[in-house]
Structures are given as structure tokens and as C-alpha cells.
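File shown: protein19.pdb. Contents: PDB, C-alpha atoms.
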```
ATOM      1  CA  GLN A 177     -75.942 -93.658 -59.977
ATOM      2  CA  LYS A 178     -76.102 -96.382 -57.343
ATOM      3  CA  GLU A 179     -73.661 -99.182 -58.048
ATOM      4  CA  VAL A 180     -72.697-102.680 -57.003
ATOM      5  CA  GLU A 181     -69.134-103.641 -57.817
ATOM      6  CA  GLN A 182     -67.639-107.100 -58.072
ATOM      7  CA  ASN A 183     -64.339-108.391 -59.378
ATOM      8  CA  SER A 184     -65.273-110.170 -62.605
ATOM      9  CA  GLY A 185     -62.616-112.849 -62.115
ATOM     10  CA  PRO A 186     -62.192-115.550 -63.049
ATOM     11  CA  LEU A 187     -61.362-116.651 -59.532
ATOM     12  CA  SER A 188     -59.731-120.038 -59.621
ATOM     13  CA  VAL A 189     -59.434-122.224 -56.510
ATOM     14  CA  PRO A 190     -58.515-125.879 -56.037
ATOM     15  CA  GLU A 191     -61.129-128.368 -54.923
ATOM     16  CA  GLY A 192     -61.497-128.361 -51.136
ATOM     17  CA  ALA A 193     -60.221-124.802 -50.701
ATOM     18  CA  ILE A 194     -62.138-121.758 -49.456
ATOM     19  CA  ALA A 195     -63.403-119.423 -52.162
ATOM     20  CA  SER A 196     -63.857-115.787 -51.137
ATOM     21  CA  LEU A 197     -66.099-113.553 -53.228
ATOM     22  CA  ASN A 198     -66.369-109.837 -52.569
ATOM     23  CA  CYS A 199     -68.827-107.081 -53.338
ATOM     24  CA  THR A 200     -68.971-103.361 -52.588
ATOM     25  CA  TYR A 201     -71.974-101.101 -52.927
ATOM     26  CA  SER A 202     -72.436 -97.362 -53.130
ATOM     27  CA  ASP A 203     -75.786 -96.738 -51.406
ATOM     28  CA  ARG A 204     -75.156 -96.333 -47.694
ATOM     29  CA  GLY A 205     -78.900 -96.723 -47.100
ATOM     30  CA  SER A 206     -79.060-100.278 -48.487
ATOM     31  CA  GLN A 207     -80.578-102.795 -46.076
ATOM     32  CA  SER A 208     -80.889-106.084 -47.983
ATOM     33  CA  PHE A 209     -78.039-108.053 -49.496
ATOM     34  CA  PHE A 210     -78.218-111.181 -51.611
ATOM     35  CA  TRP A 211     -75.932-113.683 -53.256
ATOM     36  CA  TYR A 212     -77.148-115.521 -56.334
ATOM     37  CA  ARG A 213     -75.403-118.318 -58.215
ATOM     38  CA  GLN A 214     -75.763-118.414 -62.000
ATOM     39  CA  TYR A 215     -74.573-121.342 -64.073
ATOM     40  CA  SER A 216     -73.723-120.607 -67.702
ATOM     41  CA  GLY A 217     -76.892-120.208 -69.753
ATOM     42  CA  LYS A 218     -79.135-120.562 -66.691
ATOM     43  CA  SER A 219     -81.033-118.121 -64.505
ATOM     44  CA  PRO A 220     -79.854-116.810 -61.112
ATOM     45  CA  GLU A 221     -80.524-119.025 -58.107
ATOM     46  CA  LEU A 222     -80.642-117.600 -54.573
ATOM     47  CA  ILE A 223     -77.793-118.784 -52.346
ATOM     48  CA  MET A 224     -78.107-116.534 -49.318
ATOM     49  CA  PHE A 225     -79.414-113.236 -48.053
ATOM     50  CA  ILE A 226     -78.185-111.135 -45.157
ATOM     51  CA  TYR A 227     -79.640-108.053 -43.499
ATOM     52  CA  SER A 228     -77.517-107.505 -40.378
ATOM     53  CA  ASN A 229     -73.846-106.770 -39.843
ATOM     54  CA  GLY A 230     -71.741-109.828 -39.153
ATOM     55  CA  ASP A 231     -71.723-113.378 -40.447
ATOM     56  CA  LYS A 232     -74.512-115.670 -41.543
ATOM     57  CA  GLU A 233     -73.758-119.322 -42.165
ATOM     58  CA  ASP A 234     -75.710-121.871 -44.215
ATOM     59  CA  GLY A 235     -73.944-125.156 -44.782
ATOM     60  CA  ARG A 236     -70.734-124.513 -46.702
ATOM     61  CA  PHE A 237     -71.685-120.902 -47.374
ATOM     62  CA  THR A 238     -71.047-117.903 -45.129
ATOM     63  CA  ALA A 239     -72.160-114.381 -45.976
ATOM     64  CA  GLN A 240     -70.404-111.493 -44.264
ATOM     65  CA  LEU A 241     -71.741-107.948 -44.099
ATOM     66  CA  ASN A 242     -69.970-104.776 -43.026
ATOM     67  CA  LYS A 243     -72.274-101.809 -43.536
ATOM     68  CA  ALA A 244     -69.708 -99.280 -42.304
ATOM     69  CA  SER A 245     -67.353-100.346 -45.089
ATOM     70  CA  GLN A 246     -70.231-100.978 -47.543
ATOM     71  CA  TYR A 247     -68.870-104.418 -48.159
ATOM     72  CA  VAL A 248     -70.469-107.853 -48.402
ATOM     73  CA  SER A 249     -68.701-111.128 -49.060
ATOM     74  CA  LEU A 250     -69.472-114.783 -49.641
ATOM     75  CA  LEU A 251     -67.205-117.562 -48.427
ATOM     76  CA  ILE A 252     -67.555-121.055 -49.847
ATOM     77  CA  ARG A 253     -65.830-123.707 -47.753
ATOM     78  CA  ASP A 254     -64.696-127.058 -49.151
ATOM     79  CA  SER A 255     -65.224-125.792 -52.700
ATOM     80  CA  GLN A 256     -66.440-128.373 -55.193
ATOM     81  CA  PRO A 257     -66.239-128.383 -59.006
ATOM     82  CA  SER A 258     -70.042-128.083 -58.979
ATOM     83  CA  ASP A 259     -69.606-124.653 -57.342
ATOM     84  CA  SER A 260     -68.064-123.382 -60.598
ATOM     85  CA  ALA A 261     -70.445-120.635 -61.689
ATOM     86  CA  THR A 262     -70.871-116.877 -61.726
ATOM     87  CA  TYR A 263     -71.869-115.402 -58.366
ATOM     88  CA  LEU A 264     -74.014-112.288 -58.471
ATOM     89  CA  CYS A 265     -74.204-109.848 -55.587
ATOM     90  CA  ALA A 266     -77.462-107.912 -55.327
ATOM     91  CA  VAL A 267     -78.288-104.996 -53.050
ATOM     92  CA  ASN A 268     -81.497-103.066 -52.595
ATOM     93  CA  GLY A 269     -81.248 -99.434 -53.616
ATOM     94  CA  GLY A 270     -82.696 -99.124 -57.077
ATOM     95  CA  SER A 271     -85.945 -97.428 -57.953
ATOM     96  CA  GLN A 272     -88.511 -98.137 -55.231
ATOM     97  CA  GLY A 273     -85.837 -99.996 -53.363
ATOM     98  CA  ASN A 274     -85.505-102.717 -55.965
ATOM     99  CA  LEU A 275     -82.392-104.822 -56.295
ATOM    100  CA  ILE A 276     -79.280-103.650 -58.109
ATOM    101  CA  PHE A 277     -77.101-106.478 -59.372
ATOM    102  CA  GLY A 278     -73.362-106.581 -59.808
ATOM    103  CA  LYS A 279     -71.864-108.073 -62.967
ATOM    104  CA  GLY A 280     -70.837-111.151 -61.058
ATOM    105  CA  THR A 281     -67.624-112.983 -60.241
ATOM    106  CA  LYS A 282     -66.864-116.103 -62.220
ATOM    107  CA  LEU A 283     -65.601-118.882 -59.947
ATOM    108  CA  SER A 284     -63.732-121.908 -61.245
ATOM    109  CA  VAL A 285     -63.046-124.817 -58.888
ATOM    110  CA  LYS A 286     -60.342-127.096 -60.244
ATOM    111  CA  PRO A 287     -60.444-130.833 -59.370
TER     112      PRO A 287
ATOM    113  CA  ASP B 213     -93.782-127.108 -56.176
ATOM    114  CA  ALA B 214     -94.269-123.365 -56.204
ATOM    115  CA  MET B 215     -92.337-121.857 -59.047
ATOM    116  CA  VAL B 216     -91.788-119.282 -61.747
ATOM    117  CA  ILE B 217     -92.286-120.547 -65.297
ATOM    118  CA  GLN B 218     -91.193-118.884 -68.509
ATOM    119  CA  ASN B 219     -92.206-119.728 -72.053
ATOM    120  CA  PRO B 220     -90.743-120.247 -74.483
ATOM    121  CA  ARG B 221     -87.257-121.148 -73.261
ATOM    122  CA  TYR B 222     -85.782-120.201 -76.626
ATOM    123  CA  GLN B 223     -87.241-117.740 -79.096
ATOM    124  CA  VAL B 224     -85.935-116.895 -82.537
ATOM    125  CA  THR B 225     -87.425-113.890 -84.274
ATOM    126  CA  GLN B 226     -86.643-111.713 -87.243
ATOM    127  CA  PHE B 227     -85.471-108.150 -87.107
ATOM    128  CA  GLY B 228     -88.548-105.965 -86.588
ATOM    129  CA  LYS B 229     -91.012-108.834 -86.028
ATOM    130  CA  PRO B 230     -92.947-108.439 -82.759
ATOM    131  CA  VAL B 231     -92.410-111.060 -80.112
ATOM    132  CA  THR B 232     -94.101-111.862 -76.794
ATOM    133  CA  LEU B 233     -92.472-113.658 -73.882
ATOM    134  CA  SER B 234     -94.547-115.206 -71.133
ATOM    135  CA  CYS B 235     -94.067-115.629 -67.396
ATOM    136  CA  SER B 236     -96.321-117.307 -64.856
ATOM    137  CA  GLN B 237     -95.960-117.945 -61.146
ATOM    138  CA  THR B 238     -97.570-120.173 -58.560
ATOM    139  CA  LEU B 239     -95.969-118.377 -55.585
ATOM    140  CA  ASN B 240     -98.843-115.902 -55.318
ATOM    141  CA  HIS B 241     -96.327-113.080 -55.102
ATOM    142  CA  ASN B 242     -97.447-109.495 -55.511
ATOM    143  CA  VAL B 243     -94.480-108.303 -57.544
ATOM    144  CA  MET B 244     -93.297-109.510 -60.934
ATOM    145  CA  TYR B 245     -90.155-108.238 -62.653
ATOM    146  CA  TRP B 246     -88.661-108.398 -66.126
ATOM    147  CA  TYR B 247     -84.899-108.253 -66.529
ATOM    148  CA  GLN B 248     -82.692-108.263 -69.599
ATOM    149  CA  GLN B 249     -79.308-109.929 -69.258
ATOM    150  CA  LYS B 250     -76.595-109.900 -71.897
ATOM    151  CA  SER B 251     -73.469-112.016 -71.790
ATOM    152  CA  SER B 252     -71.160-111.237 -68.836
ATOM    153  CA  GLN B 253     -73.405-108.394 -67.718
ATOM    154  CA  ALA B 254     -75.590-107.804 -64.706
ATOM    155  CA  PRO B 255     -79.322-108.391 -65.059
ATOM    156  CA  LYS B 256     -80.870-105.068 -66.041
ATOM    157  CA  LEU B 257     -84.318-104.296 -64.669
ATOM    158  CA  LEU B 258     -86.733-103.269 -67.428
ATOM    159  CA  PHE B 259     -89.923-102.855 -65.381
ATOM    160  CA  HIS B 260     -91.940-104.388 -62.619
ATOM    161  CA  TYR B 261     -95.531-104.700 -61.490
ATOM    162  CA  TYR B 262     -96.630-104.367 -57.902
ATOM    163  CA  ASP B 263     -99.982-106.040 -58.233
ATOM    164  CA  LYS B 264    -101.531-104.043 -61.102
ATOM    165  CA  ASP B 265     -99.278-101.021 -60.685
ATOM    166  CA  PHE B 266     -96.826-100.791 -63.568
ATOM    167  CA  ASN B 267     -93.382 -99.314 -62.916
ATOM    168  CA  ASN B 268     -91.098 -98.565 -65.828
ATOM    169  CA  GLU B 269     -87.376 -98.024 -65.369
ATOM    170  CA  ALA B 270     -86.337 -94.628 -66.729
ATOM    171  CA  ASP B 271     -83.937 -96.063 -69.307
ATOM    172  CA  THR B 272     -86.160 -98.875 -70.621
ATOM    173  CA  PRO B 273     -86.686 -98.315 -74.363
ATOM    174  CA  ASP B 274     -90.240 -97.688 -75.603
ATOM    175  CA  ASN B 275     -89.823-100.778 -77.761
ATOM    176  CA  PHE B 276     -90.421-102.855 -74.619
ATOM    177  CA  GLN B 277     -93.913-103.130 -73.160
ATOM    178  CA  SER B 278     -95.459-105.325 -70.514
ATOM    179  CA  ARG B 279     -98.863-106.624 -69.487
ATOM    180  CA  ARG B 280    -100.046-108.296 -66.312
ATOM    181  CA  PRO B 281    -103.603-109.522 -66.896
ATOM    182  CA  ASN B 282    -103.819-111.243 -63.503
ATOM    183  CA  THR B 283    -101.706-112.110 -60.452
ATOM    184  CA  SER B 284    -100.218-115.203 -62.017
ATOM    185  CA  PHE B 285     -99.214-114.033 -65.477
ATOM    186  CA  CYS B 286     -96.978-111.338 -66.903
ATOM    187  CA  PHE B 287     -95.953-110.758 -70.516
ATOM    188  CA  LEU B 288     -93.062-108.936 -72.140
ATOM    189  CA  ASP B 289     -93.766-107.542 -75.600
ATOM    190  CA  ILE B 290     -90.944-106.393 -77.840
ATOM    191  CA  ARG B 291     -92.610-104.411 -80.582
ATOM    192  CA  SER B 292     -89.780-104.210 -83.123
ATOM    193  CA  PRO B 293     -86.812-106.317 -82.043
ATOM    194  CA  GLY B 294     -83.398-105.137 -83.101
ATOM    195  CA  LEU B 295     -80.158-107.086 -83.165
ATOM    196  CA  GLY B 296     -79.209-105.398 -79.893
ATOM    197  CA  ASP B 297     -82.219-106.928 -78.159
ATOM    198  CA  ALA B 298     -80.789-110.433 -78.378
ATOM    199  CA  ALA B 299     -80.357-111.452 -74.744
ATOM    200  CA  MET B 300     -81.640-113.640 -71.945
ATOM    201  CA  TYR B 301     -84.917-112.304 -70.564
ATOM    202  CA  LEU B 302     -85.510-113.155 -66.941
ATOM    203  CA  CYS B 303     -88.778-113.012 -65.062
ATOM    204  CA  ALA B 304     -88.640-112.810 -61.284
ATOM    205  CA  THR B 305     -91.160-112.494 -58.467
ATOM    206  CA  SER B 306     -91.104-111.301 -54.884
ATOM    207  CA  ARG B 307     -93.665-111.176 -52.114
ATOM    208  CA  THR B 308     -93.366-107.399 -51.835
ATOM    209  CA  SER B 309     -91.055-104.768 -53.281
ATOM    210  CA  GLY B 310     -88.310-102.752 -51.607
ATOM    211  CA  GLY B 311     -85.532-105.298 -51.409
ATOM    212  CA  GLU B 312     -87.388-108.541 -50.816
ATOM    213  CA  THR B 313     -85.902-111.805 -52.043
ATOM    214  CA  GLN B 314     -86.531-112.294 -55.748
ATOM    215  CA  TYR B 315     -87.093-115.724 -57.275
ATOM    216  CA  PHE B 316     -86.210-116.195 -60.918
ATOM    217  CA  GLY B 317     -87.734-118.250 -63.673
ATOM    218  CA  PRO B 318     -85.489-120.235 -66.034
ATOM    219  CA  GLY B 319     -85.295-117.394 -68.553
ATOM    220  CA  THR B 320     -86.028-117.044 -72.266
ATOM    221  CA  ARG B 321     -83.086-116.816 -74.635
ATOM    222  CA  LEU B 322     -84.025-114.457 -77.500
ATOM    223  CA  LEU B 323     -82.190-114.562 -80.803
ATOM    224  CA  VAL B 324     -82.857-111.882 -83.421
ATOM    225  CA  LEU B 325     -81.950-112.683 -87.030
TER     226      LEU B 325
END
```

For this file, produce the structure as C-alpha cells.
Amino acid sequence: QKEVEQNSGPLSVPEGAIASLNCTYSDRGSQSFFWYRQYSGKSPELIMFIYSNGDKEDGRFTAQLNKASQYVSLLIRDSQPSDSATYLCAVNGGSQGNLIFGKGTKLSVKP
Amino acid sequence: DAMVIQNPRYQVTQFGKPVTLSCSQTLNHNVMYWYQQKSSQAPKLLFHYYDKDFNNEADTPDNFQSRRPNTSFCFLDIRSPGLGDAAMYLCATSRTSGGETQYFGPGTRLLVL
């Protein structure tokens, strides 16, 4: 059974700090990695995707991928209260290569 | 704006009464997905269509069916809803399958009484 694991949290950080969200996956053949943000009662919204080892930056967000360790992370710099949400990690590896989602990490940014 | 639309946003049904959820997209994507998400859980893929090809996940109950009459529309039919089927139902699309970025609609919250 292919799996995507995330710490459910909650992860609490003060406003302005860096939030670090982590995800591990079991399928060594996975090639596509995604981070989605999901506010309570809403649907997932794409934050970033990453395909290659290393870092990918987009504004305050940085995704980091280490395929050897089967590990992907999301850093949020200068965290804002509006960043408070559940962050879902998704990795391709399901049937026909479809995405497998983790349960998500709940982030709380305190003013 | 190109988007994924789901109707209704909230659906209340009675135990055993069939219900149909609707999804439409203006992205012209080939693939449409239906997920079930319960509180504090990961979205669970029920099935997906690549164009007209229907793909059922192995553990999707027979109670759940889907139709895709054309590229833009996809329906989720729950033939006899049980209390355990109360959840958020998410429709998503992607250009192709195999790990492409998926774009989600706003979801339909289903309540079963």
C-alpha cells in the first residue's frame, strides 16, 4: 500500500516566523509532488508543485524535495495568520499514477 | 475565468434516498476525478474519467456510480446513501493523468439524515 505520511499537528508558530511542514512518501518511483492548502470547510487549493530534487521558491513559499530520502517539505516564511490552514502533501503513485494525499498538517499562526 | 464548478454546495438527503452531485469545468481538461473527504482525513479517490474511459478505484463501494456525458460535465450518483457517506465530495480536473496538477472545485457537503 503506497502511503504519504504527514504529522497531523497542530503546528503552532508565531506571526512572522518560518513554518516548516514535512511529508514522507513510500513509493520510490514517485515523480510529482504537490502542496495544497485547505481552509476549514473549503476545498484544496494548489500552493506549489515540485518535480526535481532541491528547492523551488515562489514568494514566501519554498518546496524542498529529497528523492533519496523520500522526503518533501514546505517552508512558509514570514508566516501570517491567514496562512492558518491544513496543508496537504500529494504524491503521484496511486492507480495509473494518480495522486495520493496525506492527511494534512494543521498550521496555526498566532498573531 | 477557467474553473471547476460543483453543484449543489450543500446537499441534505435521507438515508437510502438517491442523490446526484454535479461537477462542470471550463478548463477543457481530459481528466475528471471524484474524491470523498471526511473530517481530518485525506481526500480519498473514488474514480476518475480519462476522457470517456471510466476508472474505478478497487475499494470504491458499488453504491457510488459516475457518469460523464461530455467533456465538461461529470456526475456522482449515490444510489442508497448511508450515514457513513456523509462527507465533503470533491471534484477535480487535470490536463492528463499520471501525476499532473489537479484543480479542485469548491466541493459539495453531503449530510445524510

Residues returned when the PyMOL selection byres ((chain B and resi 251-255) around 7) runs on this file, as an MDAnalysis selection string
(chainID A and resid 277:280) or (chainID B and resid 247:250 256:257)

Mind checking which residues fall within 8 Å of B:Tyr261, counting only C-alpha atoms, ignoring those fewer than 2 positions away in the same chain, and posting them as number ranges by chain?
B: 242-245, 259, 263-267, 280

Could you list, as a CSV table (one decimal) with C-alpha atoms, in the frame of the given file, every residue matched by the PyMOL selection byres ((chain B) within 9 of (chain A)) in this structure?
```csv
chain,number,residue,atom,x,y,z
B,252,SER,CA,-71.2,-111.2,-68.8
B,253,GLN,CA,-73.4,-108.4,-67.7
B,254,ALA,CA,-75.6,-107.8,-64.7
B,255,PRO,CA,-79.3,-108.4,-65.1
B,256,LYS,CA,-80.9,-105.1,-66.0
B,257,LEU,CA,-84.3,-104.3,-64.7
B,269,GLU,CA,-87.4,-98.0,-65.4
B,300,MET,CA,-81.6,-113.6,-71.9
B,302,LEU,CA,-85.5,-113.2,-66.9
B,309,SER,CA,-91.1,-104.8,-53.3
B,310,GLY,CA,-88.3,-102.8,-51.6
B,311,GLY,CA,-85.5,-105.3,-51.4
B,312,GLU,CA,-87.4,-108.5,-50.8
B,313,THR,CA,-85.9,-111.8,-52.0
B,314,GLN,CA,-86.5,-112.3,-55.7
B,315,TYR,CA,-87.1,-115.7,-57.3
B,316,PHE,CA,-86.2,-116.2,-60.9
B,317,GLY,CA,-87.7,-118.2,-63.7
B,318,PRO,CA,-85.5,-120.2,-66.0
B,319,GLY,CA,-85.3,-117.4,-68.6
B,321,ARG,CA,-83.1,-116.8,-74.6
```

Using Å and a single decimal, report how far atom CA of A:Glu181 sits from atom CA of A:Ala244.
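For atom CA of A:Ala244 relative to atom CA of A:Glu181, the distance reads 16.1 Å.
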
Report, in Å with one decimal, the straight-line distance from atom CA of A:Asp259 to atom CA of A:Leu283.
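Between atom CA of A:Asp259 and atom CA of A:Leu283 the gap is 7.5 Å.
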
Quick one: distance from atom CA of A:Trp211 to atom CA of B:Thr272 in Å, one decimal?
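Interatomic distance, atom CA of A:Trp211 to atom CA of B:Thr272: 25.0 Å.
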